[in-house]
Structure formats: structure tokens, C-alpha cells
Amino acid sequence: MTTVDPEDVVGPKVRAPLGSGVVAGWRSLREALDKPLASYYLLVGASALLLTIGLIMVLSASSVRSYLTYDDSYAVVKRQLVWVAVGLPCAWVASRIPVKHVRRLAYPSFLFALVLLALVARFGVVINGNKNWLAIGPFTMQPAEVAKLAIVLWAANIYAHKERRLRELHHLLVPVVPGLFAVITLVLVGRDLGTAMVLAAILLGMLWVVGAPLRLFGLSLSVLGVAAVALAATDPERLERITHFTDPFKDYTDAGWQPAHGLYALSSGGWFGQGIGASTQKWGDLPEAHTDFIFAVLGEELGLVGTLLVIGLFFTIAYAAIRVAHSTQDPFVRYATFGIVVWLLGQMMINVGMVLAVLPVIGIPLPIVSYGGSALLPSLVALGLVIGFARREPEAAAALAARRRNRSAGLSAATATTATTSAPTPVPASAATSATTSATTSATTSAPASAGPVPPDGPR
């Protein structure tokens with residue numbers, strides 16, 4: 001008996017070349033990123049995930065301190081939820097405000113920030129050694145956080161007005177650089193060196209995006225470096241932090257206590273962490289576990305995977321925002337978007353470097369994730385503005401308009417179908433005539449012959 005090889009019938013089995021799956025996945029990713037609404041969805045998705053992770057980590061990192069201080073493990077996260085409930089509508093409104101109205105708010109917001117910072121310098125409240133808080137009734141706020149968003153909008157508006165004159169150094173520097181130096185000076189009066197560094201990063205980022213010459217950056221970095229060293233040298237606490245940050249275990253019981261326990265938390269997390277709520281450092285060993293050092297608790301409970309996820313979400317926001325800035329034709333949108341990216345990404349890098357003991361501890365929270373309404377509210381508004389810029393891209397706006405039309409058409413078709421189904425079935429005219437004739441004939445046949453015709457007025 002002769003056997004037949006299946007390959008002789010169906011042909012030889014074709015095997016995909018090695019790496020074809022990776023190539024196909026890369027092509028699918030590129031196709032998804034080329035869609036008109038890709039930047040919009042990346043911004044919304046990454047921001048929502050960061051906010052969710054932040055709420056979970058604030059709950060976990062603050063539970064012990066909340067119970068010891070307020071006899072309620074949820075006291076701190078409840079306050080954060082209130083700020084989220086306020087910030088999300090503000091972000092939604094910011095995403096819907098037309099660009100021309102945003103530009104009109106640039107100067108008033110900058111002046112408002114200057115007034116708040118001046119009030120802090122005069123009537124500020126000292127917390128953790130820094131006079132950067134302002135008490136308003138039962139609430140305390142940090143005006144420097146509001147100033148970050150205000151100076152971005154103000155500088156972007158000025159540079160958009162001077163778009164054709166930015167090749168001249170005078171128009172490049174005035175009035176943005178003096179105005180930002182005024183803000184930084186008021187922040188330094190309150191001894192908030194960390195926020196001053198973020199503001200300086202925003203200034204350098206704005207100068208870079210408008211095309212400042214490289215020699216200007218060299219001079220600026222030199223001046224800022226000398227100023228930072230001078231400010232640190234005049235403050236024994238800052239000087240101690242700067243001289244010990246590279247080796248926090250050198251002075252473990254004093255200046256190195258916080259960064260050392262931050263490293264303990266990160267190292268004990270491993271790849272996948274100890275689990276949400278299982279941190280041991282938050283039980284009193286790690287100061288500011290739910291604010292400045294929340295990244296350490298995140299690493300302990302979610303591991304390296306969790307920390308890389310958070311960092312990846314920040315870079316996703318930066319990538320999508322830079323896409324918006326690159327594709328827009330509006331100079332204000334370009335400068336404002338890039339300024340917001342420099343602010344959020346730069347502050348994230350400073351905070352992570354501080355927790356990793358790569359930078360000295362200077363009291364900078366992790367944007368969107370750390371506890372604090374003064375920092376969360378301006379950050380959500382800034383993200384709302386960028387999301388609004390992404391929605392107004394010509395291709396994205398056309399895609400959203402087409403989607404709304406299709407949705408309206410679908411609703412109209414569904415309504416028409418429902419109305420047609422519920423309406424009574426019409427009777428054809430021929431059938432109605434036949435039925436009437438049959439009924440008349442039947443009545444005539446069944447009536448008695450003696451009755452005769454019925455008079456017009458009826459029977460008498």
C-alpha cells in the first residue's frame with residue numbers, strides 16, 4: 001500500500017521568518033501612532049493611569065501616619081480625593097477653553113502669582129523649615145506651584161507675540177528672563193531651593209525651544225550653578241544635605257536618614273514589590289512617605305516594574321505632548337506645551353533622582369502622584385490644556401467631528417427604526433375597499449326583505 005505524504009497534497013509548511021512577529025507588532029504600533037487621535041488618547045490614558053496610581057499610593061503610604069495623627073487611616077487620602085474632585089472638572093474646563101481665551105489669562109495669572117508670592121514673603125507660614133506656604137482661612141496653599149503654570153503661559157504668550165523678532169537677543173530675553181528671575185527670587189526668599197530649580201529648568205527649556213544661542217545656555221548654567229552653591233553654603237542644613245547625598249549611610253542617623261531609608265525601601269521591593277500596603281518603611285522610618293518620598297514606597301510595594309511603569313507614563317505624556325507641539329501651527333500652543341513638558345518631566349526627574357540619592361534632598365514632590373492639592377490642581381489644569389491642544393489638531397478635530405456625526409446618525413437611525421416598529425401596519429387601499437364592499441354586501445344579504453329602504457333620518 002502506498003502512503004501519501006501530506007506535504008505532497010497541501011504543499012510544504014511555510015514557517016514565518018524569525019522576528020516577523022516583532023516586525024508586525026512594530027508596524028501595528030506605528031499604524032496606531034499615525035492615527036489622528038493618537039496623541040489625544042496617549043495623554044488622556046497616561047494621565048488617568050498616573051492619577052489612579054497616585055491615589056492608591058497616597059492611600060497606602062499615608063495610612064499609618066493618618067491613623068496615628070487623626071485616628072483614621074483614610075484621613076489623608078480623603079483630602080486628596082477632594083482635590084481630585086476639584087481638579088478634574090478644572091482640567092475638563094481647561095481642555096475646552098479656546099486658545100485665545102487662554103492667552104488672555106496669561107498676564108492676569110502671572111500678576112496673580114507674583115502677588116501670592118509677595119504675600120508669602122510677608123505673611124508666609126513656615127513648614128519643614130521652608131516659608132513657602134500661605135494660610136487662607138482653614139486651608140494652606142503653596143503659591144509657587146501656581147506660579148509654575150502661570151509663568152509657562154505668560155512666557156509662551158510673549159514669545160508667540162514676538163515670533164518674528166526672536167532672532168534678536170533683546171526680544172528673546174526681555175521681559176521673560178527678568179520676570180522669571182523675579183519669581184525665582186520671591187521663591188528663594190521662602191528658602192524653597194527645589195522649586196527654584198524647577199522654575200530655572202522651565203526658563204532654560206523655554207529659551208531652548210524659542211532658539212536661544214548655545215553660548216547663552218553656558219552662561220545661564222554657570223550663573224545658576226554658582227547661585228545654587230552660594231545658597232547652599234549659607235544654609236548649614238542644605239550644605240549638610242548636599243555633602244552627604246552621594247553617601248547617605250555616611251551620616252545615617254542624621255542627614256542621611258531619609259535618603260538611606262528611601263534606598264532601603266527601593267532595594268527591598270525587588271522586581272515585583274512586596275504588594276500594595278506591605279511597605280515597612282512607611283511605619284515611621286521614612287519621613288514624608290506620602291509626599292516627597294512616595295516614589296520609594298511605590299518601589300517597595302510595586303517593585304522595579306511599578307517604578308518603570310510610572311516613569312514610562314511620564315515619558316508617554318512627554319512624547320504625546322511633543323508630538324502636539326511639533327505638529328501645531330500656533331506658536332503659543334507650541335511654546336506652552338513644551339513649557340508644561342519641561343515642568344512636569346523635569347520635576348519628575350528631580351524627585352526620582354532625589355529618592356535614588358543621585359541628587360540632594362530638596363523637597364520636590366512627584367507630580368500627579370504625591371499628596372498635595374497645591375501641586376495637584378495646577379498639574380491637572382496643565383494636562384487639561386495640553387489635552388485640549390491635542391483635540392484641536394486639524395486631523396484630530398476632523399476625526400472627532402466625524403465620530404460625532406456618525407454617532408448622531410446612528411442615534412437617528414435607531415430612533416427611526418424604533419418608531420417604525422411601534423407604529424401600526426398600514427392597510428393597503430385595495431384591501432380596505434374590498435373589505436368595505438364585502439361588509440356592505442353581507443349586510444344587504446342578511447337584512448329582511450320587508451324592511452325596505454331606510455329613510456335618511458333613520459327608522460320612525
# chains A, B, ... in the order shown; residues from 1 in each chain; ligands from 1

$ residues_around --residues "Gly312 (chain A)" --least-positions-apart "5" --cutoff "12 Å" --atoms "only C-alpha atoms" --output "list in words"
Leu42, Ala46, Ser47, Leu49, Leu50, Leu304, Val305, Gly306, Thr307, Ile317, Ala318, Tyr319, Leu345, Met348 and Met349 of chain A

$ residues_around --residues "region 83-90 of chain A" --least-positions-apart "6" --cutoff "12 Å" --atoms "only C-alpha atoms" --output "ChimeraX atom specification"
/A:44,47-48,51-52,54-55,76-77,96-97,368-369,371-385

$ write_last_selection --atoms "C-alpha atoms" --output "tab-separated table (two decimals), in the first residue's frame"
chain	number	residue	atom	x	y	z
A	44	VAL	CA	-5.72	61.02	28.46
A	47	SER	CA	-2.69	60.98	32.86
A	48	ALA	CA	-5.58	58.83	34.11
A	51	LEU	CA	-3.67	59.80	38.81
A	52	THR	CA	-5.06	56.37	39.72
A	54	GLY	CA	-1.12	58.23	42.79
A	55	LEU	CA	-4.36	57.81	44.72
A	76	VAL	CA	-5.09	61.95	54.10
A	77	VAL	CA	-6.42	60.15	51.04
A	96	ARG	CA	-12.40	73.16	26.34
A	97	ILE	CA	-11.28	76.79	26.67
A	368	ILE	CA	0.32	63.89	39.90
A	369	VAL	CA	1.38	61.07	42.25
A	371	TYR	CA	-0.09	64.06	48.05
A	372	GLY	CA	-0.88	67.76	47.98
A	373	GLY	CA	-3.64	69.83	46.43
A	374	SER	CA	-1.42	72.86	45.78
A	375	ALA	CA	0.70	70.76	43.41
A	376	LEU	CA	-2.05	68.51	42.04
A	377	LEU	CA	-4.51	71.19	40.92
A	378	PRO	CA	-2.12	73.22	38.66
A	379	SER	CA	-0.71	69.98	37.23
A	380	LEU	CA	-4.18	68.71	36.27
A	381	VAL	CA	-5.05	72.06	34.71
A	382	ALA	CA	-1.80	72.00	32.74
A	383	LEU	CA	-2.54	68.49	31.46
A	384	GLY	CA	-6.07	69.60	30.60
A	385	LEU	CA	-4.65	72.42	28.48

$ closest_residue --among "A:Phe272, A:Trp154, A:Trp343, A:Trp133" --to "Ala106 (chain A)" --atoms "only C-alpha atoms"
A:Trp154

$ residues_around --residues "Glu301 (chain A)" --least-positions-apart "4" --cutoff "7 Å" --atoms "only C-alpha atoms" --output "MDAnalysis selection string"
chainID A and resid 269 273:279 297

$ write_last_selection --atoms "C-alpha atoms" --output "PDB file, in the first residue's frame"
ATOM      1  CA  GLY A 269      10.951  45.908  46.583  1.00  0.00           C
ATOM      2  CA  GLY A 273       7.432  44.509  45.050  1.00  0.00           C
ATOM      3  CA  GLN A 274       6.083  43.377  48.397  1.00  0.00           C
ATOM      4  CA  GLY A 275       2.494  44.097  47.427  1.00  0.00           C
ATOM      5  CA  ILE A 276       0.254  47.141  47.864  1.00  0.00           C
ATOM      6  CA  GLY A 277       0.062  48.059  51.535  1.00  0.00           C
ATOM      7  CA  ALA A 278       3.028  45.864  52.539  1.00  0.00           C
ATOM      8  CA  SER A 279       5.646  48.614  52.892  1.00  0.00           C
ATOM      9  CA  VAL A 297       7.148  53.459  48.865  1.00  0.00           C
TER      10      VAL A 297
END

$ select_by_dssp --residues "region 110-151 of chain A" --states "strand (DSSP E or B)" --output "JSON, numbers by chain"
{"A": [125, 126, 127, 130, 131, 132, 133, 134, 135, 136, 139, 140, 141]}

$ write_last_selection --atoms "C-alpha atoms" --output "PDB file, in the first residue's frame"
ATOM      1  CA  VAL A 125       3.788  80.028  57.128  1.00  0.00           C
ATOM      2  CA  VAL A 126       6.924  78.037  57.905  1.00  0.00           C
ATOM      3  CA  ILE A 127       6.537  74.277  57.357  1.00  0.00           C
ATOM      4  CA  ASN A 130      10.598  76.492  54.408  1.00  0.00           C
ATOM      5  CA  LYS A 131       8.478  79.637  54.386  1.00  0.00           C
ATOM      6  CA  ASN A 132       6.620  78.813  51.181  1.00  0.00           C
ATOM      7  CA  TRP A 133       3.064  78.318  52.421  1.00  0.00           C
ATOM      8  CA  LEU A 134       0.211  80.813  52.620  1.00  0.00           C
ATOM      9  CA  ALA A 135      -2.654  80.304  55.078  1.00  0.00           C
ATOM     10  CA  ILE A 136      -6.093  81.214  53.718  1.00  0.00           C
ATOM     11  CA  PHE A 139      -6.552  75.984  54.183  1.00  0.00           C
ATOM     12  CA  THR A 140      -2.865  76.351  53.363  1.00  0.00           C
ATOM     13  CA  MET A 141      -1.568  76.610  49.816  1.00  0.00           C
TER      14      MET A 141
END

$ residues_around --residues "region 236-240 of chain A" --least-positions-apart "5" --cutoff "12 Å" --atoms "only C-alpha atoms" --output "PyMOL selection string"
chain A and resi 128-130+191-194+228-231+245-248+250-251+254-256+360-363

$ write_last_selection --atoms "C-alpha atoms" --output "short mmCIF file (atom, residue, chain, number, x, y, z; two decimals), in the first residue's frame"
data_model
loop_
_atom_site.label_atom_id
_atom_site.label_comp_id
_atom_site.auth_asym_id
_atom_site.auth_seq_id
_atom_site.Cartn_x
_atom_site.Cartn_y
_atom_site.Cartn_z
CA ASN A 128 9.51 71.89 57.47
CA GLY A 129 11.91 74.81 57.58
CA ASN A 130 10.60 76.49 54.41
CA ARG A 191 14.04 79.12 51.20
CA ASP A 192 12.43 76.79 48.66
CA LEU A 193 15.51 75.83 46.65
CA GLY A 194 13.83 72.82 45.00
CA ALA A 228 22.91 77.27 43.95
CA VAL A 229 26.27 76.61 45.60
CA ALA A 230 26.21 80.01 47.30
CA LEU A 231 22.70 79.46 48.64
CA PHE A 245 23.66 62.85 49.38
CA THR A 246 26.22 60.75 47.48
CA ASP A 247 26.72 58.51 50.51
CA PRO A 248 23.64 58.76 52.78
CA LYS A 250 27.90 58.14 55.97
CA ASP A 251 25.67 60.04 58.38
CA ASP A 254 21.18 62.42 60.91
CA ALA A 255 21.35 63.97 57.44
CA GLY A 256 21.39 60.60 55.67
CA PRO A 360 20.36 66.00 47.21
CA VAL A 361 17.06 66.01 49.13
CA ILE A 362 15.48 69.36 48.25
CA GLY A 363 11.79 68.74 48.92
#
